[in-house]
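Data file: query_31.cif. Format and content: mmCIF, C-alpha atoms and all ligand atoms.
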data_structure
loop_
_atom_site.group_PDB
_atom_site.id
_atom_site.type_symbol
_atom_site.label_atom_id
_atom_site.label_comp_id
_atom_site.auth_asym_id
_atom_site.auth_seq_id
_atom_site.Cartn_x
_atom_site.Cartn_y
_atom_site.Cartn_z
ATOM 1 C CA MET N 1 -3.878 -4.845 10.678
ATOM 2 C CA THR N 2 -2.498 -8.380 10.410
ATOM 3 C CA GLN N 3 0.159 -9.035 13.034
ATOM 4 C CA ASP N 4 2.195 -12.007 11.951
ATOM 5 C CA GLU N 5 5.231 -12.761 14.097
ATOM 6 C CA HIS N 6 7.629 -11.667 11.353
ATOM 7 C CA VAL N 7 5.613 -9.569 8.898
ATOM 8 C CA THR N 8 3.125 -6.833 9.707
ATOM 9 C CA TYR N 9 0.438 -5.732 7.278
ATOM 10 C CA VAL N 10 -1.408 -2.462 7.897
ATOM 11 C CA VAL N 11 -3.934 -0.782 5.593
ATOM 12 C CA GLY N 12 -4.924 2.860 6.038
ATOM 13 C CA ASP N 13 -5.995 5.586 3.604
ATOM 14 C CA ALA N 14 -5.740 3.141 0.673
ATOM 15 C CA LEU N 15 -2.084 2.399 1.470
ATOM 16 C CA ALA N 16 -0.926 -1.069 2.542
ATOM 17 C CA THR N 17 2.293 -1.026 4.564
ATOM 18 C CA ILE N 18 4.148 -4.344 4.715
ATOM 19 C CA THR N 19 6.980 -4.499 7.247
ATOM 20 C CA LEU N 20 9.531 -7.269 7.597
ATOM 21 C CA ASN N 21 9.983 -7.650 11.320
ATOM 22 C CA ARG N 22 12.911 -9.923 12.250
ATOM 23 C CA PRO N 23 15.373 -7.194 13.171
ATOM 24 C CA GLU N 24 17.651 -9.482 15.188
ATOM 25 C CA GLN N 25 18.145 -11.631 12.071
ATOM 26 C CA LEU N 26 18.444 -8.603 9.755
ATOM 27 C CA ASN N 27 15.030 -9.588 8.373
ATOM 28 C CA ALA N 28 16.460 -12.777 6.899
ATOM 29 C CA LEU N 29 13.791 -14.837 5.183
ATOM 30 C CA ASP N 30 12.979 -18.079 6.972
ATOM 31 C CA THR N 31 10.038 -20.188 5.842
ATOM 32 C CA ALA N 32 7.494 -18.547 8.157
ATOM 33 C CA THR N 33 8.571 -15.080 7.023
ATOM 34 C CA LYS N 34 8.462 -16.069 3.360
ATOM 35 C CA ASP N 35 4.949 -17.506 3.779
ATOM 36 C CA ALA N 36 3.744 -14.370 5.582
ATOM 37 C CA LEU N 37 5.397 -12.025 3.088
ATOM 38 C CA ARG N 38 3.858 -13.783 0.091
ATOM 39 C CA THR N 39 0.430 -13.677 1.768
ATOM 40 C CA ALA N 40 0.772 -9.974 2.597
ATOM 41 C CA VAL N 41 1.950 -9.014 -0.901
ATOM 42 C CA GLU N 42 -0.779 -11.039 -2.592
ATOM 43 C CA SER N 43 -3.413 -9.576 -0.232
ATOM 44 C CA ALA N 44 -2.328 -6.055 -1.146
ATOM 45 C CA ALA N 45 -2.302 -6.931 -4.834
ATOM 46 C CA GLY N 46 -5.818 -8.374 -4.756
ATOM 47 C CA ASP N 47 -7.522 -5.803 -2.502
ATOM 48 C CA PRO N 48 -9.262 -3.097 -4.555
ATOM 49 C CA ALA N 49 -9.307 -0.844 -1.468
ATOM 50 C CA VAL N 50 -5.490 -0.800 -1.552
ATOM 51 C CA ARG N 51 -4.213 1.703 -4.142
ATOM 52 C CA ALA N 52 -0.492 1.693 -3.263
ATOM 53 C CA VAL N 53 1.908 -0.434 -1.238
ATOM 54 C CA LEU N 54 4.911 0.377 0.931
ATOM 55 C CA LEU N 55 7.449 -2.379 1.695
ATOM 56 C CA THR N 56 10.024 -1.826 4.420
ATOM 57 C CA GLY N 57 11.962 -3.531 7.206
ATOM 58 C CA THR N 58 12.608 -2.915 10.889
ATOM 59 C CA GLY N 59 16.058 -2.534 12.410
ATOM 60 C CA ARG N 60 19.378 -1.996 10.679
ATOM 61 C CA ALA N 61 18.669 -4.071 7.552
ATOM 62 C CA PHE N 62 15.953 -4.033 4.907
ATOM 63 C CA CYS N 63 16.377 -7.768 4.275
ATOM 64 C CA VAL N 64 19.469 -9.971 3.865
ATOM 65 C CA GLY N 65 17.705 -12.583 1.738
ATOM 66 C CA GLN N 66 17.376 -16.252 2.531
ATOM 67 C CA ASP N 67 17.950 -17.111 6.200
ATOM 68 C CA LEU N 68 21.219 -18.979 5.759
ATOM 69 C CA ALA N 69 20.997 -20.629 9.191
ATOM 70 C CA GLU N 70 17.703 -22.264 8.226
ATOM 71 C CA HIS N 71 19.075 -22.987 4.765
ATOM 72 C CA ALA N 72 22.183 -24.744 6.114
ATOM 73 C CA THR N 73 20.001 -27.043 8.225
ATOM 74 C CA ALA N 74 17.690 -27.719 5.291
ATOM 75 C CA LEU N 75 20.605 -28.581 2.995
ATOM 76 C CA SER N 76 21.870 -31.186 5.446
ATOM 77 C CA GLU N 77 18.489 -32.657 6.422
ATOM 78 C CA ARG N 78 16.118 -32.454 3.468
ATOM 79 C CA PRO N 79 16.078 -33.609 -0.159
ATOM 80 C CA LEU N 80 17.375 -30.945 -2.536
ATOM 81 C CA ASP N 81 14.135 -30.658 -4.513
ATOM 82 C CA GLU N 82 12.276 -29.840 -1.284
ATOM 83 C CA VAL N 83 14.843 -27.200 -0.322
ATOM 84 C CA TRP N 84 14.689 -25.489 -3.703
ATOM 85 C CA ALA N 85 10.893 -25.618 -3.942
ATOM 86 C CA THR N 86 11.052 -22.321 -2.056
ATOM 87 C CA VAL N 87 12.006 -20.501 -5.253
ATOM 88 C CA GLU N 88 8.702 -21.461 -6.882
ATOM 89 C CA ARG N 89 6.689 -21.393 -3.668
ATOM 90 C CA HIS N 90 7.946 -18.104 -2.229
ATOM 91 C CA TYR N 91 10.521 -16.057 -4.080
ATOM 92 C CA ALA N 92 9.092 -16.102 -7.607
ATOM 93 C CA PRO N 93 5.410 -15.468 -6.760
ATOM 94 C CA THR N 94 6.295 -12.706 -4.303
ATOM 95 C CA ALA N 95 8.475 -10.915 -6.869
ATOM 96 C CA LEU N 96 5.841 -11.369 -9.565
ATOM 97 C CA ALA N 97 3.090 -9.954 -7.353
ATOM 98 C CA LEU N 98 5.239 -6.941 -6.377
ATOM 99 C CA ALA N 99 6.212 -6.166 -9.956
ATOM 100 C CA THR N 100 2.880 -6.780 -11.664
ATOM 101 C CA MET N 101 0.221 -5.711 -9.161
ATOM 102 C CA PRO N 102 -1.989 -3.041 -10.751
ATOM 103 C CA LYS N 103 -0.915 -0.310 -8.337
ATOM 104 C CA PRO N 104 2.384 1.358 -7.392
ATOM 105 C CA VAL N 105 4.754 -0.287 -4.913
ATOM 106 C CA VAL N 106 7.362 1.754 -3.034
ATOM 107 C CA ALA N 107 10.272 0.166 -1.170
ATOM 108 C CA ALA N 108 11.540 2.127 1.843
ATOM 109 C CA VAL N 109 15.024 0.618 2.037
ATOM 110 C CA ASN N 110 16.095 1.234 5.619
ATOM 111 C CA GLY N 111 19.415 -0.641 5.537
ATOM 112 C CA VAL N 112 21.293 -3.289 3.621
ATOM 113 C CA ALA N 113 19.288 -5.284 1.065
ATOM 114 C CA ALA N 114 21.128 -8.480 0.099
ATOM 115 C CA GLY N 115 20.423 -11.535 -2.036
ATOM 116 C CA ALA N 116 16.695 -12.071 -2.397
ATOM 117 C CA GLY N 117 16.259 -9.014 -0.147
ATOM 118 C CA ALA N 118 17.874 -6.881 -2.839
ATOM 119 C CA SER N 119 15.742 -8.588 -5.477
ATOM 120 C CA LEU N 120 12.570 -7.790 -3.514
ATOM 121 C CA ALA N 121 13.459 -4.090 -3.450
ATOM 122 C CA LEU N 122 14.262 -4.182 -7.168
ATOM 123 C CA ALA N 123 10.852 -5.741 -7.904
ATOM 124 C CA CYS N 124 9.187 -2.644 -6.414
ATOM 125 C CA ASP N 125 8.350 0.288 -8.683
ATOM 126 C CA LEU N 126 10.235 2.973 -6.722
ATOM 127 C CA ARG N 127 12.987 2.749 -4.095
ATOM 128 C CA VAL N 128 13.507 5.406 -1.426
ATOM 129 C CA LEU N 129 16.806 4.682 0.323
ATOM 130 C CA SER N 130 18.063 5.694 3.714
ATOM 131 C CA GLU N 131 21.569 7.107 3.480
ATOM 132 C CA ARG N 132 22.506 3.987 5.500
ATOM 133 C CA ALA N 133 21.069 1.569 2.939
ATOM 134 C CA GLY N 134 22.940 -0.444 0.361
ATOM 135 C CA PHE N 135 22.473 -3.262 -2.142
ATOM 136 C CA ASN N 136 24.451 -6.484 -2.277
ATOM 137 C CA LEU N 137 23.638 -9.009 -5.020
ATOM 138 C CA ALA N 138 25.080 -11.647 -2.724
ATOM 139 C CA PHE N 139 24.013 -14.812 -4.565
ATOM 140 C CA ALA N 140 27.340 -15.772 -6.191
ATOM 141 C CA GLY N 141 29.073 -15.204 -2.858
ATOM 142 C CA ILE N 142 27.412 -18.426 -1.669
ATOM 143 C CA GLY N 143 27.659 -20.212 -5.009
ATOM 144 C CA LEU N 144 24.190 -19.399 -6.313
ATOM 145 C CA SER N 145 23.015 -17.823 -9.559
ATOM 146 C CA CYS N 146 20.163 -15.404 -8.740
ATOM 147 C CA ASP N 147 16.436 -15.402 -8.077
ATOM 148 C CA THR N 148 13.413 -13.316 -7.064
ATOM 149 C CA GLY N 149 13.525 -11.584 -10.442
ATOM 150 C CA ALA N 150 17.010 -10.051 -10.251
ATOM 151 C CA SER N 151 17.875 -11.319 -13.746
ATOM 152 C CA TRP N 152 14.906 -9.338 -15.093
ATOM 153 C CA THR N 153 14.833 -6.223 -12.931
ATOM 154 C CA LEU N 154 18.541 -5.530 -12.435
ATOM 155 C CA PRO N 155 19.632 -5.172 -16.112
ATOM 156 C CA ARG N 156 16.551 -3.075 -16.799
ATOM 157 C CA LEU N 157 17.533 -0.679 -14.021
ATOM 158 C CA VAL N 158 21.298 -0.466 -14.503
ATOM 159 C CA GLY N 159 22.038 -2.049 -17.920
ATOM 160 C CA ARG N 160 23.461 -5.485 -18.693
ATOM 161 C CA ALA N 161 27.128 -4.708 -18.062
ATOM 162 C CA THR N 162 26.573 -3.250 -14.597
ATOM 163 C CA ALA N 163 24.091 -5.998 -13.750
ATOM 164 C CA LEU N 164 26.706 -8.612 -14.611
ATOM 165 C CA ASP N 165 29.336 -6.771 -12.602
ATOM 166 C CA LEU N 166 27.086 -6.602 -9.522
ATOM 167 C CA LEU N 167 26.128 -10.285 -9.804
ATOM 168 C CA LEU N 168 29.574 -11.658 -10.659
ATOM 169 C CA ARG N 169 31.405 -9.597 -8.013
ATOM 170 C CA PRO N 170 29.011 -9.285 -5.062
ATOM 171 C CA ARG N 171 29.757 -6.368 -2.759
ATOM 172 C CA THR N 172 27.699 -3.762 -0.957
ATOM 173 C CA VAL N 173 26.921 -0.755 -3.128
ATOM 174 C CA ASP N 174 26.173 2.174 -0.817
ATOM 175 C CA ALA N 175 23.154 4.459 -1.155
ATOM 176 C CA ALA N 176 24.985 7.230 -3.026
ATOM 177 C CA GLN N 177 26.377 4.818 -5.598
ATOM 178 C CA ALA N 178 23.029 3.036 -5.834
ATOM 179 C CA GLN N 179 21.454 6.346 -6.800
ATOM 180 C CA ARG N 180 24.193 7.093 -9.355
ATOM 181 C CA ILE N 181 23.681 3.774 -11.155
ATOM 182 C CA GLY N 182 19.880 3.866 -11.113
ATOM 183 C CA LEU N 183 18.990 1.580 -8.208
ATOM 184 C CA ALA N 184 17.540 4.348 -6.020
ATOM 185 C CA THR N 185 14.708 6.736 -6.802
ATOM 186 C CA SER N 186 15.938 8.978 -3.993
ATOM 187 C CA VAL N 187 18.214 8.903 -0.958
ATOM 188 C CA VAL N 188 17.132 10.586 2.270
ATOM 189 C CA ALA N 189 18.447 11.102 5.794
ATOM 190 C CA HIS N 190 17.906 7.932 7.824
ATOM 191 C CA GLY N 191 15.517 9.612 10.263
ATOM 192 C CA ASP N 192 13.362 10.907 7.407
ATOM 193 C CA LEU N 193 13.056 7.609 5.538
ATOM 194 C CA LEU N 194 9.709 6.345 6.741
ATOM 195 C CA GLY N 195 8.110 9.802 6.602
ATOM 196 C CA GLU N 196 9.379 10.525 3.090
ATOM 197 C CA ALA N 197 8.564 7.087 1.710
ATOM 198 C CA THR N 198 5.122 7.088 3.323
ATOM 199 C CA SER N 199 4.302 10.546 1.888
ATOM 200 C CA LEU N 200 5.329 9.342 -1.556
ATOM 201 C CA ALA N 201 3.293 6.141 -1.234
ATOM 202 C CA ARG N 202 0.278 8.048 0.139
ATOM 203 C CA ALA N 203 0.430 10.488 -2.790
ATOM 204 C CA LEU N 204 0.468 7.531 -5.176
ATOM 205 C CA ALA N 205 -2.439 5.923 -3.277
ATOM 206 C CA ALA N 206 -4.426 9.108 -3.920
ATOM 207 C CA GLY N 207 -3.536 9.049 -7.615
ATOM 208 C CA PRO N 208 -5.174 7.694 -10.791
ATOM 209 C CA THR N 209 -4.832 3.999 -9.928
ATOM 210 C CA LEU N 210 -6.104 2.701 -13.273
ATOM 211 C CA ALA N 211 -3.630 4.913 -15.124
ATOM 212 C CA PHE N 212 -0.792 3.716 -12.864
ATOM 213 C CA ALA N 213 -1.807 0.104 -13.565
ATOM 214 C CA GLY N 214 -1.862 0.796 -17.302
ATOM 215 C CA ILE N 215 1.587 2.407 -17.158
ATOM 216 C CA LYS N 216 3.050 -0.631 -15.333
ATOM 217 C CA GLN N 217 1.397 -3.009 -17.795
ATOM 218 C CA ALA N 218 2.560 -1.040 -20.836
ATOM 219 C CA LEU N 219 6.181 -0.919 -19.631
ATOM 220 C CA ALA N 220 6.141 -4.642 -18.834
ATOM 221 C CA HIS N 221 4.652 -5.410 -22.243
ATOM 222 C CA SER N 222 7.128 -3.268 -24.160
ATOM 223 C CA ALA N 223 10.042 -5.049 -22.442
ATOM 224 C CA SER N 224 9.425 -8.104 -24.602
ATOM 225 C CA HIS N 225 7.659 -6.688 -27.680
ATOM 226 C CA ASP N 226 8.594 -4.552 -30.666
ATOM 227 C CA LEU N 227 7.412 -1.002 -31.260
ATOM 228 C CA ALA N 228 4.400 -1.991 -33.351
ATOM 229 C CA ASP N 229 3.147 -4.417 -30.691
ATOM 230 C CA SER N 230 3.861 -1.904 -27.951
ATOM 231 C CA LEU N 231 1.880 0.788 -29.758
ATOM 232 C CA ALA N 232 -1.041 -1.626 -30.109
ATOM 233 C CA PHE N 233 -0.854 -2.538 -26.418
ATOM 234 C CA GLU N 234 -0.661 1.134 -25.407
ATOM 235 C CA ALA N 235 -3.921 1.658 -27.317
ATOM 236 C CA THR N 236 -5.662 -1.005 -25.221
ATOM 237 C CA ARG N 237 -4.512 0.658 -21.973
ATOM 238 C CA MET N 238 -5.537 4.099 -23.263
ATOM 239 C CA ALA N 239 -8.994 2.705 -24.037
ATOM 240 C CA VAL N 240 -9.296 1.460 -20.449
ATOM 241 C CA THR N 241 -7.968 4.605 -18.761
ATOM 242 C CA GLY N 242 -9.748 6.842 -21.266
ATOM 243 C CA GLY N 243 -13.059 5.321 -20.184
ATOM 244 C CA SER N 244 -12.415 5.876 -16.495
ATOM 245 C CA SER N 245 -14.187 8.321 -14.204
ATOM 246 C CA ASP N 246 -10.784 9.573 -13.071
ATOM 247 C CA HIS N 247 -9.955 10.655 -16.626
ATOM 248 C CA ARG N 248 -13.327 12.329 -17.180
ATOM 249 C CA ASP N 249 -13.181 14.119 -13.807
ATOM 250 C CA ALA N 250 -9.546 15.200 -14.279
ATOM 251 C CA VAL N 251 -10.300 16.733 -17.680
ATOM 252 C CA ALA N 252 -13.244 18.617 -16.157
ATOM 253 C CA ALA N 253 -11.044 19.763 -13.267
ATOM 254 C CA PHE N 254 -8.382 20.943 -15.727
ATOM 255 C CA ALA N 255 -10.957 22.975 -17.654
ATOM 256 C CA ALA N 256 -12.191 24.483 -14.370
ATOM 257 C CA LYS N 257 -8.574 25.229 -13.302
ATOM 258 C CA GLN N 258 -9.014 22.972 -10.238
ATOM 259 C CA ARG N 259 -6.879 20.168 -8.841
ATOM 260 C CA PRO N 260 -8.286 16.763 -9.778
ATOM 261 C CA THR N 261 -9.419 14.307 -7.123
ATOM 262 C CA PHE N 262 -8.694 10.741 -8.201
ATOM 263 C CA ARG N 263 -10.816 7.887 -6.904
ATOM 264 C CA GLY N 264 -9.027 5.051 -8.622
ATOM 265 C CA ARG N 265 -11.874 4.099 -10.973
HETATM 266 O O1 LIG N 301 16.580 -21.893 -0.393
HETATM 267 C C1 LIG N 301 17.323 -20.954 -0.747
HETATM 268 O O2 LIG N 301 18.272 -20.596 -0.042
HETATM 269 C C2 LIG N 301 17.116 -20.289 -2.047
HETATM 270 C C3 LIG N 301 17.084 -18.849 -2.042
HETATM 271 C C4 LIG N 301 18.109 -18.017 -1.997
HETATM 272 C C5 LIG N 301 17.896 -16.572 -2.081
HETATM 273 C C6 LIG N 301 18.976 -15.743 -1.395
HETATM 274 O O3 LIG N 301 18.636 -14.755 -0.829
HETATM 275 S S1 LIG N 301 20.580 -16.269 -1.480
HETATM 276 C C7 LIG N 301 21.475 -14.947 -0.675
HETATM 277 C C8 LIG N 301 21.410 -15.043 0.813
HETATM 278 N N1 LIG N 301 21.987 -13.871 1.454
HETATM 279 C C9 LIG N 301 23.293 -13.673 1.530
HETATM 280 O O4 LIG N 301 24.113 -14.425 1.042
HETATM 281 C C10 LIG N 301 23.744 -12.452 2.312
HETATM 282 C C11 LIG N 301 24.703 -12.861 3.399
HETATM 283 N N2 LIG N 301 25.084 -11.719 4.211
HETATM 284 C C12 LIG N 301 26.023 -10.857 3.836
HETATM 285 O O5 LIG N 301 26.616 -10.924 2.780
HETATM 286 C C13 LIG N 301 26.328 -9.766 4.823
HETATM 287 O O6 LIG N 301 25.911 -10.185 6.106
HETATM 288 C C14 LIG N 301 25.624 -8.425 4.473
HETATM 289 C C15 LIG N 301 26.305 -7.826 3.237
HETATM 290 C C16 LIG N 301 24.144 -8.597 4.228
HETATM 291 C C17 LIG N 301 25.782 -7.437 5.667
HETATM 292 O O7 LIG N 301 27.125 -7.339 6.013
HETATM 293 P P1 LIG N 301 27.502 -6.668 7.422
HETATM 294 O O8 LIG N 301 29.000 -6.601 7.459
HETATM 295 O O9 LIG N 301 26.740 -5.409 7.595
HETATM 296 O O10 LIG N 301 26.947 -7.657 8.523
HETATM 297 P P2 LIG N 301 27.531 -9.084 8.948
HETATM 298 O O11 LIG N 301 28.459 -8.946 10.080
HETATM 299 O O12 LIG N 301 28.003 -9.855 7.762
HETATM 300 O O13 LIG N 301 26.171 -9.820 9.444
HETATM 301 C C18 LIG N 301 25.604 -9.490 10.692
HETATM 302 C C19 LIG N 301 24.952 -10.746 11.241
HETATM 303 O O14 LIG N 301 23.868 -11.128 10.382
HETATM 304 C C20 LIG N 301 25.917 -11.930 11.267
HETATM 305 O O15 LIG N 301 25.579 -12.734 12.376
HETATM 306 P P3 LIG N 301 26.447 -12.660 13.745
HETATM 307 O O16 LIG N 301 27.850 -12.947 13.362
HETATM 308 O O17 LIG N 301 26.263 -11.235 14.226
HETATM 309 O O18 LIG N 301 25.824 -13.682 14.632
HETATM 310 C C21 LIG N 301 25.563 -12.682 10.008
HETATM 311 O O19 LIG N 301 25.872 -14.023 10.031
HETATM 312 C C22 LIG N 301 24.048 -12.483 9.982
HETATM 313 N N3 LIG N 301 23.501 -12.642 8.631
HETATM 314 C C23 LIG N 301 23.737 -11.866 7.579
HETATM 315 N N4 LIG N 301 23.086 -12.324 6.513
HETATM 316 C C24 LIG N 301 22.410 -13.419 6.919
HETATM 317 C C25 LIG N 301 22.678 -13.634 8.265
HETATM 318 N N5 LIG N 301 22.140 -14.651 8.957
HETATM 319 C C26 LIG N 301 21.342 -15.495 8.268
HETATM 320 N N6 LIG N 301 21.036 -15.341 6.961
HETATM 321 C C27 LIG N 301 21.550 -14.330 6.264
HETATM 322 N N7 LIG N 301 21.202 -14.176 4.962
#

Using structure tokens, write down the structure that the file contains.
Ligand code: T3D
Amino acid sequence: MTQDEHVTYVVGDALATITLNRPEQLNALDTATKDALRTAVESAAGDPAVRAVLLTGTGRAFCVGQDLAEHATALSERPLDEVWATVERHYAPTALALATMPKPVVAAVNGVAAGAGASLALACDLRVLSERAGFNLAFAGIGLSCDTGASWTLPRLVGRATALDLLLRPRTVDAAQAQRIGLATSVVAHGDLLGEATSLARALAAGPTLAFAGIKQALAHSASHDLADSLAFEATRMAVTGGSSDHRDAVAAFAAKQRPTFRGR
């Protein structure tokens, strides 16, 4: 376990659990938190012993995005290019690592997710929401465009028209509506959130990790390629997963009418 002041990182049974831990500030992202979050996400991405990741927050919010108190001070005291370096230094690499790591990432959205906090949840592969959770694409509310991958993830989840609506007219979309429009994988009772999300993430951590990686890579590839290219890319992923021990063992288990045990190789 890594115990940073604002982000905890725990690995057990092949699952890395990353918890934003600034509950008094609704898990707003100040520089220290952004540094620790990027480190935790990149550690999980690069650790072969980690086969799934769970991202959550403590307290009543998942994450309300940039810490606007810190940001206000920075805007008045520091050159603009230094202030905005955080997009390249923190927000973009963290979103990229969440979305592209070769293993599933589950967000357990315990409360409101706003601005870059919403984007972080959208960069995850699956989102389990507490009934108390909600999304607010808050950027335009403070005169900003959007970052942390929202321009890429949001239209792919809800379609371009709804993405534009949510970005142009920021407001909190509650958990039920989030599920209706495709932002939530599931919505659960608040008290069940961590248990449900952890069971899901643990099941994924015990799954065919190479196949999961290939599925993520194939979907990402097809997002910017035509059918012919996507078919060719699928073939490369099938060659990799088809040569894996997990595939061989699962086929043998199927023939023997047994449940497969996946080892992630
Ligand atoms: O360098 C850069 O800045 C670039 C990167 C930008 C990326 C971004 O994330 S930009 C977007 C930043 N986030 C926001 O604009 C969200 C602002 N917050 C809200 O819109 C609302 O607070 C929420 C919709 C998230 C929640 O609403 P509600 O009614 O549940 O709570 P509230 O009363 O508005 O907020 C409770 C407290 O949290 C309040 O403080 P107080 O009055 O109790 O002392 C509020 O100021 C504080 N708070 C909420 N969001 C932030 C925040 N404090 C600092 N930073 C925040 N982002």

Close residues to ligand LIG 301 (chain N) using only C-alpha atoms and all ligand atoms, limit 9 Å, as a ChimeraX atom specification: /N:24-30,60-61,63-72,74-75,83-87,91,111-119,134-148,170-172

Separation of atom CA of N:Ser151 from atom CA of N:Leu164 in Å: 9.3 Å

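Take the candidates N:Leu154, N:Leu200, N:Ala255, N:Leu20 and check each one against N:Ser186 using only C-alpha atoms; the shortest distance goes to N:Leu200.
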
Residues in the PyMOL selection byres (((chain N and resi 35) around 10) and not hetatm), expressed as JSON, numbers by chain: {"N": [6, 7, 29, 30, 31, 32, 33, 34, 36, 37, 38, 39, 40, 86, 89, 90, 91, 94]}

Residues within 6 Å of (-9.5, 8.0, -8.0), file coords, all atoms listed in the file, listed as number ranges by chain: N: 208, 246, 262-265

Best match for closeness to N:Glu196 among N:Ala175, N:Val106, N:Ile181, N:Leu231, counting all atoms listed in the file: N:Val106

Shell of 12 Å around stretch 10-12 of chain N, all atoms listed in the file, local chain residues under 5 positions omitted, as a ChimeraX atom specification: /N:1-4,17-20,40-41,43-44,47-56,198,201-202,205-206

Å distance separating atom CA of N:Phe212 from atom CA of N:Tyr9, one decimal place: 22.3 Å

Counting all atoms listed in the file, the option among N:Glu5, N:Lys257, N:Phe233, N:Asp174 closest to N:Lys216: N:Phe233

Output of the PyMOL selection byres (((chain N and resi 215) around 10) and not hetatm), listed as a PyMOL selection string: chain N and resi 102-104+209-214+216-221+234+237-238+241

Picked residues, the PyMOL selection byres (((chain N and resi 98) around 8) and not hetatm), as an MDAnalysis selection string: chainID N and resid 41 45 94:97 99:101 105 120 123:124

d(atom CA of N:Gly57, atom CA of N:Gln179) in Å: 19.6 Å

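Minimum atom-to-atom distance to N:Asp192, evaluated using only C-alpha atoms, belongs to N:Asn110 out of N:Thr153, N:Asn110, N:Ser230, N:Ser245.
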
Please return the centre and edge lengths, in Å to one decimal, of a box with edges along x, y and z that contains all listed atoms of stretch 175-188 of chain N, widened by 8 Å on every side, as lines of an AutoDock Vina configuration file.
center_x = 20.5
center_y = 6.1
center_z = -4.4
size_x = 27.7
size_y = 25.0
size_z = 29.4
